[in-house]
Number of protein chains: 2
Amino acid sequence: MSNQTWTPTEQSIAQHAIKAAYQREAKALIEEITKEADVIEDIHQVWKLHDYLSAKRHQMDGKYDDRYPGLMFVFADLLKEGWLRLDDLQGLEAEKLSKISALAKM
Amino acid sequence: MSNQTWTPTEQSIAQHAIKAAYQREAKALIEEITKEADVIEDIHQVWKLHDYLSAKRHQMDGKYDDRYPGLMFVFADLLKEGWLRLDDLQGLEAEKLSKISALAKM
């Protein structure tokens with residue numbers, strides 16, 4: 001799968017798709033943080049929020065890798081997590097789409 | 001100064017004082033976090049909040065060291081930062097109080 005070629009159109013679709021997924025996850029995180037911060041009453045909850053942000057940042061930094069060799073796996077993971085929709089990938093060749101869908105079900 | 005002795009009454013005053021200072025700093029941090037989280041609009045602000053919490057946690061973990069050899073310095077720092085008040089230390093012997101005050105002015 002690492003020899004998969006991406007046409008310029010597909011590259012553009014892929015870049016838009018990964019950006020859209022990132023923005024959705026970022027938006028959800030912002031909503032979550034705002035909500036959680038509103039009900040903080042003691043310092044342990046502050047450190048819990050800090051731990052959560054540490055984990056989330058590490059995870060998001062690693063996950064949105066837009067280099068082509070691993071992109072099918074990145075898309076599959078994002079589909080599974082709900083940040084990416086198959087609609088975002090429309091325009092990719094059918095073989096890529098079916099591979100991504102199959103990986104997402106694993 | 002490391003040979004300073006603390007009577008049981010002074011030890012009790014010291015423990016209450018350090019706890020009071022910690023609670024004031026914690027309360028201020030909670031208010032700050034709640035306020036900041038309310039105006040977060042993009043993911044960079046989330047990571048900025050995370051960086052701030054990392055620094056603050058590291059700093060607070062190190063600062064509130066209630067072991068007696070260094071306690072005069074701890075109190076001096078907390079006085080300087082405003083989390084501790086001289087009132088909290090009333091009951092300590094005059095020599096300790098004046099040393100702490102002097103250190104806080106350095």
# chains A, B, ... in the order shown; residues from 1 in each chain; ligands from 1

call {"tool": "residues_around", "arguments": {"residues": "Leu53 in chain B", "least_positions_apart": "2", "cutoff": "9 Å", "atoms": "only C-alpha atoms", "output": "number ranges by chain"}}
result
A: 46-47, 49-50; B: 33, 48-51, 55-58

call {"tool": "write_last_selection", "arguments": {"atoms": "all heavy atoms", "output": "JSON list (two decimals), in the first residue's frame"}}
result
[["chain", "number", "residue", "atom", "x", "y", "z"],
["A", 46, "VAL", "N", -8.18, 20.47, 38.19],
["A", 46, "VAL", "CA", -7.28, 21.21, 37.29],
["A", 46, "VAL", "C", -6.21, 20.27, 36.75],
["A", 46, "VAL", "O", -5.92, 20.24, 35.56],
["A", 46, "VAL", "CB", -6.62, 22.41, 38.00],
["A", 46, "VAL", "CG1", -5.61, 23.10, 37.08],
["A", 46, "VAL", "CG2", -7.66, 23.41, 38.48],
["A", 47, "TRP", "N", -5.62, 19.48, 37.66],
["A", 47, "TRP", "CA", -4.55, 18.57, 37.21],
["A", 47, "TRP", "C", -5.11, 17.44, 36.35],
["A", 47, "TRP", "O", -4.42, 16.93, 35.46],
["A", 47, "TRP", "CB", -3.79, 18.00, 38.42],
["A", 47, "TRP", "CG", -3.17, 19.02, 39.35],
["A", 47, "TRP", "CD1", -3.00, 18.88, 40.70],
["A", 47, "TRP", "CD2", -2.62, 20.32, 39.02],
["A", 47, "TRP", "NE1", -2.41, 19.99, 41.22],
["A", 47, "TRP", "CE2", -2.17, 20.90, 40.22],
["A", 47, "TRP", "CE3", -2.49, 21.06, 37.84],
["A", 47, "TRP", "CZ2", -1.58, 22.17, 40.29],
["A", 47, "TRP", "CZ3", -1.92, 22.32, 37.90],
["A", 47, "TRP", "CH2", -1.47, 22.86, 39.09],
["A", 49, "LEU", "N", -7.59, 17.86, 34.26],
["A", 49, "LEU", "CA", -7.73, 18.52, 32.96],
["A", 49, "LEU", "C", -6.37, 18.59, 32.27],
["A", 49, "LEU", "O", -6.25, 18.36, 31.06],
["A", 49, "LEU", "CB", -8.31, 19.93, 33.15],
["A", 49, "LEU", "CG", -8.42, 20.81, 31.90],
["A", 49, "LEU", "CD1", -9.44, 20.23, 30.92],
["A", 49, "LEU", "CD2", -8.83, 22.24, 32.26],
["A", 50, "HIS", "N", -5.35, 18.90, 33.04],
["A", 50, "HIS", "CA", -3.99, 18.97, 32.48],
["A", 50, "HIS", "C", -3.55, 17.61, 31.92],
["A", 50, "HIS", "O", -3.03, 17.53, 30.81],
["A", 50, "HIS", "CB", -3.00, 19.45, 33.55],
["A", 50, "HIS", "CG", -1.58, 19.43, 33.07],
["A", 50, "HIS", "ND1", -0.63, 18.60, 33.60],
["A", 50, "HIS", "CD2", -0.97, 20.11, 32.07],
["A", 50, "HIS", "CE1", 0.50, 18.77, 32.95],
["A", 50, "HIS", "NE2", 0.33, 19.69, 32.03],
["B", 33, "ILE", "N", -8.23, 29.67, 35.07],
["B", 33, "ILE", "CA", -8.49, 28.63, 34.07],
["B", 33, "ILE", "C", -9.91, 28.73, 33.53],
["B", 33, "ILE", "O", -10.16, 28.66, 32.33],
["B", 33, "ILE", "CB", -8.27, 27.22, 34.69],
["B", 33, "ILE", "CG1", -6.82, 27.03, 35.10],
["B", 33, "ILE", "CG2", -8.71, 26.12, 33.75],
["B", 33, "ILE", "CD1", -5.82, 27.31, 34.03],
["B", 48, "LYS", "N", -1.93, 26.41, 24.33],
["B", 48, "LYS", "CA", -1.32, 27.45, 25.17],
["B", 48, "LYS", "C", -1.75, 27.24, 26.63],
["B", 48, "LYS", "O", -0.95, 27.35, 27.56],
["B", 48, "LYS", "CB", -1.79, 28.83, 24.67],
["B", 48, "LYS", "CG", -0.73, 29.91, 24.76],
["B", 48, "LYS", "CD", -1.23, 31.22, 24.19],
["B", 48, "LYS", "CE", -0.87, 32.36, 25.13],
["B", 48, "LYS", "NZ", -1.53, 33.61, 24.80],
["B", 49, "LEU", "N", -3.02, 26.91, 26.81],
["B", 49, "LEU", "CA", -3.54, 26.62, 28.16],
["B", 49, "LEU", "C", -2.82, 25.39, 28.73],
["B", 49, "LEU", "O", -2.44, 25.36, 29.90],
["B", 49, "LEU", "CB", -5.06, 26.36, 28.09],
["B", 49, "LEU", "CG", -5.75, 25.93, 29.38],
["B", 49, "LEU", "CD1", -5.70, 27.04, 30.43],
["B", 49, "LEU", "CD2", -7.21, 25.52, 29.13],
["B", 50, "HIS", "N", -2.61, 24.40, 27.87],
["B", 50, "HIS", "CA", -1.90, 23.19, 28.30],
["B", 50, "HIS", "C", -0.47, 23.52, 28.75],
["B", 50, "HIS", "O", -0.02, 23.06, 29.80],
["B", 50, "HIS", "CB", -1.90, 22.15, 27.18],
["B", 50, "HIS", "CG", -1.08, 20.94, 27.52],
["B", 50, "HIS", "ND1", 0.07, 20.61, 26.86],
["B", 50, "HIS", "CD2", -1.25, 20.01, 28.49],
["B", 50, "HIS", "CE1", 0.57, 19.51, 27.40],
["B", 50, "HIS", "NE2", -0.20, 19.12, 28.38],
["B", 51, "ASP", "N", 0.22, 24.33, 27.96],
["B", 51, "ASP", "CA", 1.59, 24.75, 28.33],
["B", 51, "ASP", "C", 1.59, 25.48, 29.68],
["B", 51, "ASP", "O", 2.46, 25.26, 30.51],
["B", 51, "ASP", "CB", 2.18, 25.70, 27.27],
["B", 51, "ASP", "CG", 2.54, 24.97, 25.99],
["B", 51, "ASP", "OD1", 2.73, 23.74, 26.04],
["B", 51, "ASP", "OD2", 2.63, 25.63, 24.94],
["B", 55, "ALA", "N", 3.50, 24.29, 33.20],
["B", 55, "ALA", "CA", 4.45, 25.13, 33.94],
["B", 55, "ALA", "C", 3.97, 25.35, 35.37],
["B", 55, "ALA", "O", 4.73, 25.22, 36.33],
["B", 55, "ALA", "CB", 4.63, 26.45, 33.22],
["B", 56, "LYS", "N", 2.69, 25.66, 35.50],
["B", 56, "LYS", "CA", 2.11, 25.96, 36.80],
["B", 56, "LYS", "C", 2.16, 24.73, 37.73],
["B", 56, "LYS", "O", 2.47, 24.84, 38.91],
["B", 56, "LYS", "CB", 0.65, 26.38, 36.57],
["B", 56, "LYS", "CG", 0.02, 27.10, 37.71],
["B", 56, "LYS", "CD", 0.47, 28.53, 37.84],
["B", 56, "LYS", "CE", 0.02, 29.09, 39.17],
["B", 56, "LYS", "NZ", 0.49, 30.44, 39.42],
["B", 57, "ARG", "N", 1.88, 23.57, 37.16],
["B", 57, "ARG", "CA", 1.89, 22.35, 37.97],
["B", 57, "ARG", "C", 3.30, 22.03, 38.46],
["B", 57, "ARG", "O", 3.51, 21.70, 39.62],
["B", 57, "ARG", "CB", 1.36, 21.19, 37.10],
["B", 57, "ARG", "CG", 1.09, 19.92, 37.88],
["B", 57, "ARG", "CD", 0.46, 18.89, 36.95],
["B", 57, "ARG", "NE", -0.09, 17.77, 37.66],
["B", 57, "ARG", "CZ", -0.84, 16.83, 37.08],
["B", 57, "ARG", "NH1", -1.13, 16.91, 35.80],
["B", 57, "ARG", "NH2", -1.30, 15.81, 37.78],
["B", 58, "HIS", "N", 4.24, 22.17, 37.56],
["B", 58, "HIS", "CA", 5.65, 21.92, 37.90],
["B", 58, "HIS", "C", 6.08, 22.87, 39.03],
["B", 58, "HIS", "O", 6.72, 22.47, 40.00],
["B", 58, "HIS", "CB", 6.51, 22.12, 36.67],
["B", 58, "HIS", "CG", 7.97, 21.96, 36.92],
["B", 58, "HIS", "ND1", 8.56, 20.73, 37.11],
["B", 58, "HIS", "CD2", 8.97, 22.87, 37.04],
["B", 58, "HIS", "CE1", 9.85, 20.89, 37.34],
["B", 58, "HIS", "NE2", 10.13, 22.17, 37.30]]

call {"tool": "interface_residues", "arguments": {"of": "chain A", "to": "chain B", "cutoff": "6 Å", "atoms": "only C-alpha atoms", "output": "short mmCIF file (atom, residue, chain, number, x, y, z; two decimals) with C-alpha atoms, in the first residue's frame"}}
result
data_model
loop_
_atom_site.label_atom_id
_atom_site.label_comp_id
_atom_site.auth_asym_id
_atom_site.auth_seq_id
_atom_site.Cartn_x
_atom_site.Cartn_y
_atom_site.Cartn_z
CA ALA A 26 -10.37 20.51 17.54
CA THR A 34 -14.88 24.94 28.00
CA ALA A 37 -13.43 24.16 33.01
CA ASP A 38 -16.79 25.63 33.96
CA ILE A 43 -7.16 21.74 42.19
#

call {"tool": "atom_distance", "arguments": {"atom1": "CA of Met60 in chain B", "atom2": "CA of Ser98 in chain B"}}
result
25.0 Å

call {"tool": "select_by_dssp", "arguments": {"residues": "chain B", "states": "alpha helix (DSSP H)", "output": "ChimeraX atom specification"}}
result
/B:8-38,43-63,71-81,94-104

call {"tool": "residues_around", "arguments": {"residues": "Leu97 in chain A", "least_positions_apart": "5", "cutoff": "9 Å", "atoms": "only C-alpha atoms", "output": "list of chain:residue names"}}
result
A:Met72, A:Leu86, A:Leu89, A:Gln90, A:Leu92, A:Ala102

call {"tool": "atom_distance", "arguments": {"atom1": "CA of Asp88 in chain A", "atom2": "CA of Gln59 in chain A"}}
result
21.8 Å

call {"tool": "closest_residue", "arguments": {"among": "B:Asp77, B:Gly91, B:Gly70, B:Lys63", "to": "Gln11 in chain B", "atoms": "only C-alpha atoms"}}
result
B:Gly91

call {"tool": "residues_around", "arguments": {"residues": "Ala20 in chain A", "least_positions_apart": "4", "cutoff": "12 Å", "atoms": "only C-alpha atoms", "output": "list of chain:residue names"}}
result
A:Ile13, A:Ala14, A:Gln15, A:His16, A:Arg24, A:Glu25, A:Ala26, A:Lys27, A:Tyr64, A:Phe75, A:Leu78, A:Leu79, A:Gly82, A:Trp83, A:Leu84, A:Arg85, A:Leu86, A:Asp87, A:Asp88, A:Leu89

call {"tool": "write_last_selection", "arguments": {"atoms": "N, CA and C atoms", "output": "short mmCIF file (atom, residue, chain, number, x, y, z; two decimals), in the first residue's frame"}}
result
data_model
loop_
_atom_site.label_atom_id
_atom_site.label_comp_id
_atom_site.auth_asym_id
_atom_site.auth_seq_id
_atom_site.Cartn_x
_atom_site.Cartn_y
_atom_site.Cartn_z
N ILE A 13 -7.81 16.57 -2.46
CA ILE A 13 -8.94 16.02 -1.68
C ILE A 13 -8.44 15.52 -0.32
N ALA A 14 -7.30 14.82 -0.36
CA ALA A 14 -6.74 14.25 0.88
C ALA A 14 -6.39 15.36 1.87
N GLN A 15 -5.77 16.42 1.37
CA GLN A 15 -5.37 17.51 2.27
C GLN A 15 -6.59 18.21 2.88
N HIS A 16 -7.61 18.41 2.03
CA HIS A 16 -8.84 19.02 2.57
C HIS A 16 -9.51 18.12 3.59
N ARG A 24 -12.74 19.33 13.01
CA ARG A 24 -13.86 18.76 13.77
C ARG A 24 -13.40 18.30 15.15
N GLU A 25 -12.25 17.62 15.17
CA GLU A 25 -11.77 17.12 16.47
C GLU A 25 -11.38 18.30 17.37
N ALA A 26 -10.76 19.32 16.77
CA ALA A 26 -10.37 20.51 17.54
C ALA A 26 -11.60 21.20 18.13
N LYS A 27 -12.64 21.33 17.31
CA LYS A 27 -13.87 21.99 17.75
C LYS A 27 -14.49 21.22 18.92
N TYR A 64 -2.52 13.09 13.02
CA TYR A 64 -2.76 13.79 11.76
C TYR A 64 -1.49 13.89 10.93
N PHE A 75 -6.59 7.92 7.45
CA PHE A 75 -8.00 8.12 7.10
C PHE A 75 -8.89 7.06 7.74
N LEU A 78 -9.37 7.89 11.35
CA LEU A 78 -10.23 9.07 11.53
C LEU A 78 -11.68 8.75 11.23
N LEU A 79 -11.90 7.88 10.23
CA LEU A 79 -13.27 7.42 9.92
C LEU A 79 -13.85 6.68 11.13
N GLY A 82 -14.80 8.88 13.83
CA GLY A 82 -15.92 9.78 13.51
C GLY A 82 -15.51 11.20 13.12
N TRP A 83 -14.22 11.49 13.08
CA TRP A 83 -13.79 12.85 12.70
C TRP A 83 -13.79 13.04 11.19
N LEU A 84 -13.72 11.93 10.47
CA LEU A 84 -13.73 11.98 9.01
C LEU A 84 -14.98 11.26 8.52
N ARG A 85 -15.54 11.77 7.41
CA ARG A 85 -16.70 11.10 6.81
C ARG A 85 -16.29 10.61 5.43
N LEU A 86 -16.92 9.56 4.95
CA LEU A 86 -16.58 9.05 3.62
C LEU A 86 -16.80 10.13 2.57
N ASP A 87 -17.79 10.97 2.81
CA ASP A 87 -18.07 12.10 1.90
C ASP A 87 -16.85 12.98 1.67
N ASP A 88 -16.05 13.15 2.72
CA ASP A 88 -14.85 14.00 2.60
C ASP A 88 -13.87 13.44 1.59
N LEU A 89 -13.98 12.13 1.35
CA LEU A 89 -12.99 11.47 0.48
C LEU A 89 -13.50 11.26 -0.94
#

call {"tool": "atom_distance", "arguments": {"atom1": "CA of Ala21 in chain B", "atom2": "CA of Leu103 in chain B"}}
result
17.2 Å
